[in-house]
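Next up, structure.cif (mmCIF, C-alpha atoms):
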```
data_data
loop_
_atom_site.label_atom_id
_atom_site.label_comp_id
_atom_site.auth_asym_id
_atom_site.auth_seq_id
_atom_site.Cartn_x
_atom_site.Cartn_y
_atom_site.Cartn_z
CA MET A 282 -1.56 -65.30 25.21
CA LEU A 283 -3.09 -61.84 24.91
CA ASN A 284 -4.35 -61.82 28.52
CA GLN A 285 -0.78 -62.36 29.73
CA ILE A 286 0.52 -59.22 28.04
CA ASP A 287 0.69 -56.06 30.12
CA LEU A 288 -0.67 -53.51 27.65
CA SER A 289 0.13 -50.70 30.04
CA ARG A 290 3.79 -51.25 29.17
CA THR A 291 3.13 -51.22 25.40
CA ASP A 292 3.38 -47.94 23.49
CA LEU A 293 0.65 -47.64 20.84
CA ASN A 294 2.92 -45.23 18.96
CA LEU A 295 5.08 -48.22 18.04
CA LEU A 296 2.26 -49.42 15.81
CA VAL A 297 2.08 -45.98 14.18
CA LEU A 298 5.83 -46.18 13.66
CA PHE A 299 5.46 -49.64 12.09
CA GLU A 300 2.73 -48.38 9.75
CA THR A 301 4.81 -45.39 8.63
CA VAL A 302 8.03 -47.32 8.04
CA LEU A 303 6.07 -49.91 6.04
CA ALA A 304 4.47 -47.20 3.90
CA LYS A 305 7.71 -45.27 3.28
CA GLY A 306 10.14 -48.18 3.03
CA HIS A 307 12.82 -46.00 4.56
CA VAL A 308 13.69 -45.17 8.18
CA GLY A 309 14.77 -41.62 7.37
CA HIS A 310 11.64 -40.85 5.36
CA ALA A 311 9.45 -42.30 8.11
CA ALA A 312 11.29 -40.18 10.67
CA ALA A 313 10.52 -37.04 8.65
CA VAL A 314 6.81 -37.90 8.49
CA LEU A 315 6.69 -38.63 12.22
CA ASN A 316 8.79 -35.57 13.11
CA LEU A 317 11.32 -37.81 14.84
CA SER A 318 15.03 -38.38 14.42
CA PRO A 319 16.13 -41.47 12.45
CA SER A 320 17.77 -42.80 15.62
CA ALA A 321 14.47 -42.49 17.50
CA VAL A 322 12.71 -44.46 14.77
CA SER A 323 15.46 -47.10 14.82
CA HIS A 324 15.17 -47.33 18.60
CA GLY A 325 11.39 -47.73 18.34
CA LEU A 326 11.79 -50.46 15.75
CA GLY A 327 14.16 -52.23 18.10
CA ARG A 328 11.52 -52.20 20.84
CA LEU A 329 8.88 -53.45 18.41
CA ARG A 330 11.17 -56.24 17.17
CA ARG A 331 11.61 -57.46 20.74
CA LEU A 332 7.86 -57.32 21.39
CA LEU A 333 6.98 -59.21 18.20
CA ASN A 334 10.04 -61.46 18.13
CA ASP A 335 10.81 -60.72 14.46
CA PRO A 336 13.25 -58.44 12.58
CA LEU A 337 10.21 -56.85 10.84
CA PHE A 338 12.32 -54.74 8.45
CA LEU A 339 15.56 -55.67 6.71
CA ARG A 340 18.01 -53.05 5.47
CA THR A 341 18.57 -52.69 1.72
CA PRO A 342 20.68 -50.20 -0.29
CA ARG A 343 17.51 -48.15 -0.87
CA GLY A 344 15.96 -48.34 2.58
CA VAL A 345 14.21 -51.23 4.29
CA THR A 346 12.03 -54.11 3.13
CA PRO A 347 9.40 -55.84 5.32
CA THR A 348 9.76 -59.44 6.42
CA ASP A 349 7.02 -61.98 5.77
CA ARG A 350 5.92 -61.57 9.39
CA ALA A 351 5.64 -57.79 8.94
CA LEU A 352 3.51 -58.24 5.82
CA GLU A 353 1.32 -60.71 7.72
CA LEU A 354 0.84 -58.25 10.57
CA SER A 355 0.29 -55.20 8.38
CA PRO A 356 -3.50 -55.52 7.77
CA ARG A 357 -4.15 -56.39 11.41
CA ILE A 358 -2.16 -53.41 12.65
CA ALA A 359 -3.89 -51.14 10.12
CA GLU A 360 -7.27 -52.35 11.36
CA ILE A 361 -6.29 -51.77 14.99
CA LEU A 362 -5.08 -48.23 14.28
CA GLN A 363 -8.13 -47.42 12.17
CA GLY A 364 -10.33 -48.58 15.03
CA VAL A 365 -8.44 -46.41 17.50
CA ARG A 366 -8.66 -43.43 15.14
CA GLY A 367 -12.38 -44.05 14.77
CA VAL A 368 -12.85 -44.07 18.55
CA LEU A 369 -10.84 -40.90 18.99
CA GLY A 370 -12.59 -39.30 16.04
CA THR A 371 -15.93 -39.53 17.84
CA ALA A 372 -14.70 -36.76 20.14
CA GLU A 373 -15.21 -34.43 17.16
CA PRO A 374 -17.98 -35.86 14.97
CA PHE A 375 -17.50 -35.62 11.22
CA ASP A 376 -19.47 -32.70 9.79
CA PRO A 377 -19.20 -32.42 5.99
CA ALA A 378 -20.21 -28.76 6.13
CA THR A 379 -17.17 -27.81 8.21
CA SER A 380 -14.68 -30.64 7.64
CA THR A 381 -11.34 -29.95 5.93
CA ARG A 382 -10.37 -33.62 5.51
CA ARG A 383 -8.83 -34.91 2.30
CA PHE A 384 -9.89 -38.35 1.04
CA ARG A 385 -7.95 -40.57 -1.37
CA ILE A 386 -10.05 -42.49 -3.89
CA GLY A 387 -8.68 -44.99 -6.40
CA THR A 388 -10.66 -45.75 -9.58
CA PRO A 389 -10.06 -46.99 -13.13
CA ASP A 390 -9.29 -44.17 -15.56
CA SER A 391 -12.58 -44.46 -17.46
CA ALA A 392 -14.51 -44.06 -14.20
CA LEU A 393 -12.42 -40.98 -13.40
CA ALA A 394 -13.28 -39.46 -16.77
CA VAL A 395 -16.99 -40.25 -16.45
CA HIS A 396 -17.69 -39.63 -12.79
CA GLY A 397 -14.81 -37.51 -11.50
CA PRO A 398 -16.39 -34.11 -12.34
CA LEU A 399 -19.79 -35.08 -10.88
CA LEU A 400 -18.19 -36.45 -7.71
CA VAL A 401 -16.12 -33.28 -7.23
CA GLN A 402 -19.17 -31.10 -7.84
CA GLN A 403 -21.35 -33.15 -5.51
CA VAL A 404 -18.81 -33.20 -2.69
CA GLY A 405 -18.09 -29.49 -3.16
CA ALA A 406 -21.76 -28.62 -2.76
CA GLU A 407 -22.16 -30.59 0.46
CA ALA A 408 -18.65 -30.30 1.91
CA PRO A 409 -16.87 -27.22 0.50
CA GLY A 410 -13.81 -27.71 2.70
CA VAL A 411 -13.28 -31.39 1.87
CA GLY A 412 -10.56 -32.28 -0.63
CA LEU A 413 -10.38 -35.29 -2.95
CA SER A 414 -7.30 -36.99 -4.35
CA LEU A 415 -8.52 -39.08 -7.31
CA LEU A 416 -5.98 -41.75 -8.21
CA HIS A 417 -5.81 -44.08 -11.21
CA ILE A 418 -5.66 -47.72 -10.11
CA LEU A 419 -4.24 -50.42 -12.37
CA PRO A 420 -4.73 -54.20 -12.31
CA ASN A 421 -1.91 -56.59 -11.65
CA PHE A 422 -1.01 -57.58 -15.19
CA ARG A 423 0.26 -61.00 -14.08
CA THR A 424 -3.20 -62.11 -12.99
CA SER A 425 -6.73 -62.18 -14.40
CA PRO A 426 -9.67 -60.38 -12.74
CA GLY A 427 -10.79 -63.68 -11.24
CA GLU A 428 -7.33 -64.37 -9.82
CA GLY A 429 -6.81 -61.32 -7.64
CA ALA A 430 -5.88 -58.68 -10.20
CA PHE A 431 -6.76 -55.97 -7.67
CA THR A 432 -5.38 -57.58 -4.51
CA HIS A 433 -2.71 -54.88 -4.34
CA VAL A 434 -5.49 -52.26 -4.23
CA LEU A 435 -6.99 -54.06 -1.23
CA ASP A 436 -3.54 -53.81 0.37
CA GLN A 437 -3.66 -50.03 -0.20
CA LEU A 438 -7.00 -49.90 1.59
CA ASP A 439 -5.52 -51.92 4.44
CA ASP A 440 -2.53 -49.62 4.88
CA ARG A 441 -4.67 -46.48 4.38
CA SER A 442 -2.92 -45.39 1.20
CA LEU A 443 -6.49 -45.29 -0.15
CA ASP A 444 -9.68 -44.47 1.74
CA LEU A 445 -11.92 -46.01 -0.91
CA ALA A 446 -11.42 -47.90 -4.17
CA ALA A 447 -13.74 -48.55 -7.10
CA ILE A 448 -12.83 -52.03 -8.34
CA PRO A 449 -14.25 -53.77 -11.44
CA GLN A 450 -15.40 -57.39 -11.61
CA LEU A 451 -15.14 -57.92 -7.88
CA ALA A 452 -17.95 -60.46 -8.04
CA GLU A 453 -15.45 -62.99 -9.43
CA THR A 454 -13.10 -62.54 -6.47
CA PRO A 455 -14.66 -63.00 -3.02
CA LEU A 456 -13.57 -60.27 -0.62
CA PRO A 457 -11.99 -61.06 2.74
CA ALA A 458 -14.42 -60.43 5.57
CA ARG A 459 -12.60 -57.27 6.68
CA PHE A 460 -13.85 -55.41 3.57
CA LEU A 461 -17.22 -53.86 2.76
CA ALA A 462 -18.30 -53.59 -0.89
CA ARG A 463 -21.17 -51.61 -2.38
CA SER A 464 -22.33 -52.18 -5.95
CA LEU A 465 -21.96 -49.28 -8.39
CA GLY A 466 -23.84 -51.14 -11.11
CA GLY A 467 -22.32 -52.29 -14.37
CA ASP A 468 -20.97 -50.98 -17.67
CA ARG A 469 -20.70 -52.42 -21.17
CA LEU A 470 -18.35 -51.67 -24.04
CA VAL A 471 -19.70 -49.88 -27.11
CA ALA A 472 -18.07 -48.99 -30.42
CA VAL A 473 -17.36 -45.31 -31.14
CA CYS A 474 -16.22 -43.80 -34.43
CA ARG A 475 -16.69 -40.77 -36.65
CA PRO A 476 -20.24 -40.38 -38.03
CA ASP A 477 -19.03 -40.82 -41.62
CA HIS A 478 -17.36 -44.15 -40.82
CA PRO A 479 -18.76 -47.22 -42.67
CA PHE A 480 -19.55 -48.88 -39.33
CA ALA A 481 -21.49 -45.80 -38.16
CA ARG A 482 -23.48 -45.73 -41.41
CA ALA A 483 -24.27 -49.46 -41.34
CA PRO A 484 -23.43 -51.07 -37.98
CA SER A 485 -23.00 -54.82 -38.45
CA LEU A 486 -20.61 -57.62 -37.67
CA GLU A 487 -19.25 -57.36 -41.21
CA THR A 488 -18.51 -53.63 -41.11
CA TYR A 489 -17.09 -54.00 -37.59
CA CYS A 490 -14.64 -56.72 -38.58
CA ASP A 491 -13.74 -54.89 -41.80
CA ALA A 492 -12.85 -51.75 -39.81
CA ARG A 493 -9.49 -50.82 -38.33
CA HIS A 494 -9.45 -50.53 -34.55
CA VAL A 495 -7.76 -48.76 -31.65
CA PHE A 496 -7.63 -50.82 -28.45
CA MET A 497 -7.25 -49.67 -24.85
CA SER A 498 -4.31 -51.65 -23.46
CA LEU A 499 -2.12 -50.84 -20.50
CA THR A 500 0.46 -53.41 -21.57
CA GLY A 501 0.49 -52.92 -25.34
CA ASP A 502 -1.18 -56.28 -25.95
CA ARG A 503 -3.59 -56.12 -28.89
CA THR A 504 -6.18 -58.64 -27.76
CA GLY A 505 -8.87 -58.53 -25.10
CA VAL A 506 -12.35 -59.77 -24.29
CA ILE A 507 -13.74 -58.51 -27.64
CA ASP A 508 -11.20 -60.60 -29.54
CA THR A 509 -12.04 -63.64 -27.44
CA VAL A 510 -15.73 -63.31 -28.34
CA LEU A 511 -14.93 -62.76 -32.03
CA ALA A 512 -12.67 -65.83 -32.07
CA ARG A 513 -15.59 -67.96 -30.85
CA MET A 514 -17.46 -66.82 -33.97
CA ASP A 515 -14.40 -67.54 -36.12
CA ARG A 516 -14.00 -63.83 -36.75
CA GLN A 517 -11.32 -61.28 -35.91
CA ARG A 518 -10.69 -57.54 -35.98
CA ASP A 519 -7.68 -55.55 -37.15
CA VAL A 520 -6.17 -53.68 -34.17
CA ILE A 521 -3.92 -51.05 -35.69
CA THR A 522 -2.81 -49.33 -32.52
CA THR A 523 -3.14 -49.46 -28.74
CA VAL A 524 -3.43 -46.61 -26.25
CA PRO A 525 -3.20 -46.71 -22.44
CA ASN A 526 -6.53 -45.09 -21.52
CA ALA A 527 -10.07 -44.44 -22.63
CA MET A 528 -9.78 -40.71 -23.32
CA LEU A 529 -6.88 -41.33 -25.71
CA ALA A 530 -8.99 -43.97 -27.43
CA LEU A 531 -11.70 -41.34 -28.01
CA LEU A 532 -9.15 -38.84 -29.29
CA MET A 533 -7.67 -41.43 -31.64
CA ALA A 534 -11.09 -42.39 -33.01
CA ALA A 535 -11.93 -38.71 -33.57
CA SER A 536 -8.69 -38.05 -35.46
CA THR A 537 -8.48 -41.19 -37.61
CA ASP A 538 -10.63 -43.82 -39.31
CA LEU A 539 -10.27 -46.16 -36.32
CA VAL A 540 -13.09 -47.65 -34.24
CA ALA A 541 -12.64 -47.66 -30.46
CA GLY A 542 -14.33 -49.84 -27.86
CA VAL A 543 -15.04 -47.80 -24.71
CA PRO A 544 -17.41 -48.11 -21.73
CA SER A 545 -20.92 -46.99 -22.60
CA SER A 546 -20.96 -44.52 -19.69
CA LEU A 547 -17.88 -42.81 -21.13
CA ALA A 548 -19.39 -42.70 -24.61
CA GLU A 549 -22.61 -41.18 -23.28
CA GLY A 550 -20.73 -38.41 -21.49
CA GLN A 551 -17.80 -37.71 -23.81
CA ALA A 552 -18.30 -39.07 -27.35
CA ALA A 553 -20.24 -36.03 -28.59
CA ARG A 554 -17.45 -33.72 -27.39
CA PHE A 555 -15.12 -35.49 -29.80
CA GLY A 556 -17.63 -35.50 -32.66
CA LEU A 557 -18.08 -39.27 -32.34
CA VAL A 558 -21.11 -41.53 -32.45
CA ALA A 559 -21.58 -44.68 -30.40
CA ASN A 560 -23.21 -47.95 -31.43
CA PRO A 561 -23.68 -51.22 -29.56
CA LEU A 562 -21.17 -53.89 -30.42
CA PRO A 563 -22.63 -56.29 -33.03
CA PHE A 564 -22.35 -59.24 -30.64
CA ASP A 565 -23.20 -59.99 -27.01
CA LEU A 566 -20.75 -58.90 -24.34
CA ASP A 567 -21.29 -59.18 -20.59
CA LEU A 568 -21.60 -56.16 -18.35
CA THR A 569 -18.55 -55.33 -16.26
CA PRO A 570 -19.65 -54.74 -12.63
CA LEU A 571 -17.99 -52.05 -10.52
CA TYR A 572 -17.87 -51.95 -6.72
CA ALA A 573 -16.94 -49.31 -4.17
CA VAL A 574 -14.80 -50.92 -1.48
CA VAL A 575 -13.66 -49.78 1.98
CA THR A 576 -12.40 -51.67 4.99
CA ARG A 577 -15.02 -52.36 7.65
CA ALA A 578 -12.74 -50.75 10.21
CA ALA A 579 -12.55 -47.58 8.11
CA HIS A 580 -16.32 -47.59 7.61
CA SER A 581 -16.71 -47.10 11.37
CA ASP A 582 -15.30 -43.63 10.71
CA ALA A 583 -18.27 -41.35 9.95
CA GLY A 584 -16.19 -39.52 7.33
CA ILE A 585 -15.49 -42.72 5.37
CA ALA A 586 -19.13 -43.80 5.66
CA TRP A 587 -20.15 -40.40 4.24
CA LEU A 588 -17.58 -40.74 1.45
CA LEU A 589 -18.94 -44.18 0.49
CA ASP A 590 -22.43 -42.70 0.20
CA GLN A 591 -21.12 -39.85 -1.96
CA VAL A 592 -19.27 -42.20 -4.30
CA THR A 593 -22.26 -44.54 -4.58
CA ARG A 594 -24.49 -41.65 -5.63
CA ALA A 595 -22.02 -40.01 -8.04
CA MET A 596 -20.64 -43.16 -9.67
CA TRP A 597 -23.80 -45.21 -10.10
CA LEU A 598 -23.75 -46.89 -13.52
CA GLY A 599 -27.14 -48.56 -13.47
CA PRO A 600 -28.09 -52.18 -12.67
CA ALA A 601 -25.32 -54.73 -13.27
#
```
For this file, produce the structure as C-alpha cells.
Amino acid sequence: MLNQIDLSRTDLNLLVLFETVLAKGHVGHAAAVLNLSPSAVSHGLGRLRRLLNDPLFLRTPRGVTPTDRALELSPRIAEILQGVRGVLGTAEPFDPATSTRRFRIGTPDSALAVHGPLLVQQVGAEAPGVGLSLLHILPNFRTSPGEGAFTHVLDQLDDRSLDLAAIPQLAETPLPARFLARSLGGDRLVAVCRPDHPFARAPSLETYCDARHVFMSLTGDRTGVIDTVLARMDRQRDVITTVPNAMLALLMAASTDLVAGVPSSLAEGQAARFGLVANPLPFDLDLTPLYAVVTRAAHSDAGIAWLLDQVTRAMWLGPA
C-alpha cells in the first residue's frame, strides 16, 4: 500500500532515470543525457528494479528494451514527473516575452504546410525567444483512424517526446481521461489541377473520373476514401501515381495533366503559387476534424497552456 512506503527513502531521480532510459533505449545514451556514468545508471536501475519488483529493461544487442511492466508504468511516471515539473515551474512563472523554451509540436504534413508559417510568425511576435520544433506525425498504417491509428502519438505526449500534437479524426477514438483535446475545426478534400485541364474547364463527375490522378499515399497504396465513395456510385478514377505528401501532390499536378485531391485549407493557401485552380469534388465527402491534444498534466504547465492557445488560434480550420 502507498501509505506503507517511506517516500523519504525514495529518490525521485530514479523516475527521471527510468524516463530517460525508456526514451533512449540504451543505458550509455541515457547516461550521456543525464551527465552520469553508465555504471551509475545501471546502479540506479538496479535500485528501481528492487523498488518496483520487475526487471524493467532487458538487454538486447542494440541496447535495452522495456518490459510489459515498464510500458504499463511509463504514462503514470510521465504524469508524476510532469506534475512535479509543473509545481517547480511555478517558482519562475512562464512569461512568453522573456522565455527561451523550445516546444515540440507534431502535426500532419498538410497542416505543417498550411499553418506552420502563421504559427511561427504568431509565436515570434509574442514570444521572440521561444523556439518551435515542428514534427511530421504519421498514422499507424496497420490500423484505421477509428482503431487507434494515432495511439503511438499519444504515447509520445505521455513520454514528453511531444508537447502537443494535432491529430485528425480524433472524434472516432475516445481519448483516455489523462488527455485534453481542443477542436481545430475540420477540413475537406478538393480537386486541384491546371486551369487548362478538362476538369477545371467543366467540373463534373464525368470529367473527374475521365481524368488521371495523383494520390497522396504514405504507403504507396492507390486507393483511399475518395475511391470508396466512387465505388458506392459504381464509378472509379485512374490513379497514375502516388506521392507521400500534399506539397508533392501540388507540384505533380502543376507539372503534369494529373488531378490531385488535397485539403481545402492547403489549396486556399498554396494552389495559386503553383498556378493551380481548386474545385470541390463532384460528390459529397465528410469533413476531417482536427484536434490539438496535450496531456492534462502538461496543461498544468503555464507554458503548455499558452502553447495550446497559440496553436488553436493559428491552426483553426473553421467549424467541423
Exercise. If you apply the PyMOL selection byres ((chain A and resi 576-590) around 10) to this file, what residues do you get, as a PyMOL selection string?
Worked result: chain A and resi 359-371+374-377+380+382+384+386+404+435+438-439+441+444-446+457-463+573-575+591-595
Exercise. Using only C-alpha atoms, which residues sit within 12 Å of stretch 466-468 of chain A once same-chain residues fewer than 3 positions away are excluded, as a ChimeraX atom specification?
Worked result: /A:391-392,395,447-452,462-463,471,543-549,566-573,593-601
Exercise. Can you list, as JSON, numbers by chain, every protein, DNA or RNA residue that comes within 10 Å of stretch 505-522 of chain A when you count all atoms listed in the file, leaving out same-chain residues fewer than 2 positions away?
Worked result: {"A": [470, 486, 487, 489, 490, 491, 492, 493, 494, 495, 496, 497, 498, 501, 502, 503, 524, 530, 533, 539, 540, 541, 542, 562, 564, 565, 566, 567]}
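Shell of stretch 301-315 of chain A at 6 Å, with only C-alpha atoms counted and residues fewer than 3 places along the chain excluded, is A:Leu298, A:Ser318, A:Pro319, A:Gly344, A:Val345.
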For this session: Give the answer as one residue: which of A:Asp477, A:Asp292, A:Asp349, A:Glu300 has the shortest atom-to-atom distance to A:Arg328, using all atoms listed in the file?
Result: A:Asp292
Problem set entry | Two-atom distance - atom CA of A:Phe555, atom CA of A:Ala527 (Å) |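 Atom CA of A:Phe555 sits 12.5 Å away from atom CA of A:Ala527.
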For this session: Might you pull out every residue within 9 Å of A:Phe299, with all atoms listed in the file counted and same-chain residues fewer than 2 positions away left off, and present them as a PyMOL selection string?
Result: chain A and resi 294-297+301-304+325-326+329+337+351+355+358
For the selection you just gave me, I'd like the residues written to a file as a CSV table (one decimal), in the frame of the given file, keeping C-alpha atoms.
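Printed below is out.csv as written:
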```csv
chain,number,residue,atom,x,y,z
A,294,ASN,CA,2.9,-45.2,19.0
A,295,LEU,CA,5.1,-48.2,18.0
A,296,LEU,CA,2.3,-49.4,15.8
A,297,VAL,CA,2.1,-46.0,14.2
A,301,THR,CA,4.8,-45.4,8.6
A,302,VAL,CA,8.0,-47.3,8.0
A,303,LEU,CA,6.1,-49.9,6.0
A,304,ALA,CA,4.5,-47.2,3.9
A,325,GLY,CA,11.4,-47.7,18.3
A,326,LEU,CA,11.8,-50.5,15.8
A,329,LEU,CA,8.9,-53.4,18.4
A,337,LEU,CA,10.2,-56.8,10.8
A,351,ALA,CA,5.6,-57.8,8.9
A,355,SER,CA,0.3,-55.2,8.4
A,358,ILE,CA,-2.2,-53.4,12.6
```
Exercise. Of the residues A:Asn560, A:Thr388, A:Thr379, A:Thr537, which is the one nearest to A:Ala483, using only C-alpha atoms?
Worked result: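 That would be A:Asn560, the residue with the smallest distance to A:Ala483.
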Problem set entry | Residues matched by the PyMOL selection byres ((chain A and resi 559) around 6) as a list in words |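 This file gives the following for the PyMOL selection byres ((chain A and resi 559) around 6): Ala472, Val473, Val558 and Asn560 of chain A.
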Just to be explicit: take each residue in the selection above, keep C-alpha atoms, and write the result as an mmCIF file, in the frame of the given file.
```cif
data_model
loop_
_atom_site.group_PDB
_atom_site.id
_atom_site.type_symbol
_atom_site.label_atom_id
_atom_site.label_comp_id
_atom_site.auth_asym_id
_atom_site.auth_seq_id
_atom_site.Cartn_x
_atom_site.Cartn_y
_atom_site.Cartn_z
ATOM 1 C CA ALA A 472 -18.070 -48.990 -30.420
ATOM 2 C CA VAL A 473 -17.360 -45.310 -31.140
ATOM 3 C CA VAL A 558 -21.110 -41.530 -32.450
ATOM 4 C CA ASN A 560 -23.210 -47.950 -31.430
#
```
Exercise. Looking at all atoms listed in the file, which of A:Pro409, A:Pro336, A:Gly327, A:Pro561 is the one that sits closest to A:Arg469?
Worked result: A:Pro561
For this session: Give the answer as one residue: which of A:Val411, A:Pro347, A:Ala430, A:Leu531 has the shortest atom-to-atom distance to A:Ala378, using all atoms listed in the file?
Result: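 Looking at the shortest contact to A:Ala378, the residue is A:Val411.
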Problem set entry | Point-to-point distance in Å for atom CA of A:Asp335 and atom CA of A:Thr348 |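 Going from atom CA of A:Thr348 over to atom CA of A:Asp335, I get 8.2 Å.
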Exercise. Can you tell me how far atom CA of A:Leu415 sits from atom CA of A:Asn526, in Å to one decimal?
Worked result: 15.6 Å
Problem set entry | Minimum-distance residue to A:Thr500, chosen among A:Pro525, A:Ser414, A:Ala553, A:Leu333 (using all atoms listed in the file) |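 Between A:Pro525, A:Ser414, A:Ala553, A:Leu333, the residue approaching A:Thr500 most closely is A:Pro525.
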Problem set entry | Best match for closeness to A:Thr432 among A:Ser536, A:Pro455, A:Gly410, A:Leu557, counting all atoms listed in the file |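 Among the listed residues, the smallest separation from A:Thr432 belongs to A:Pro455.
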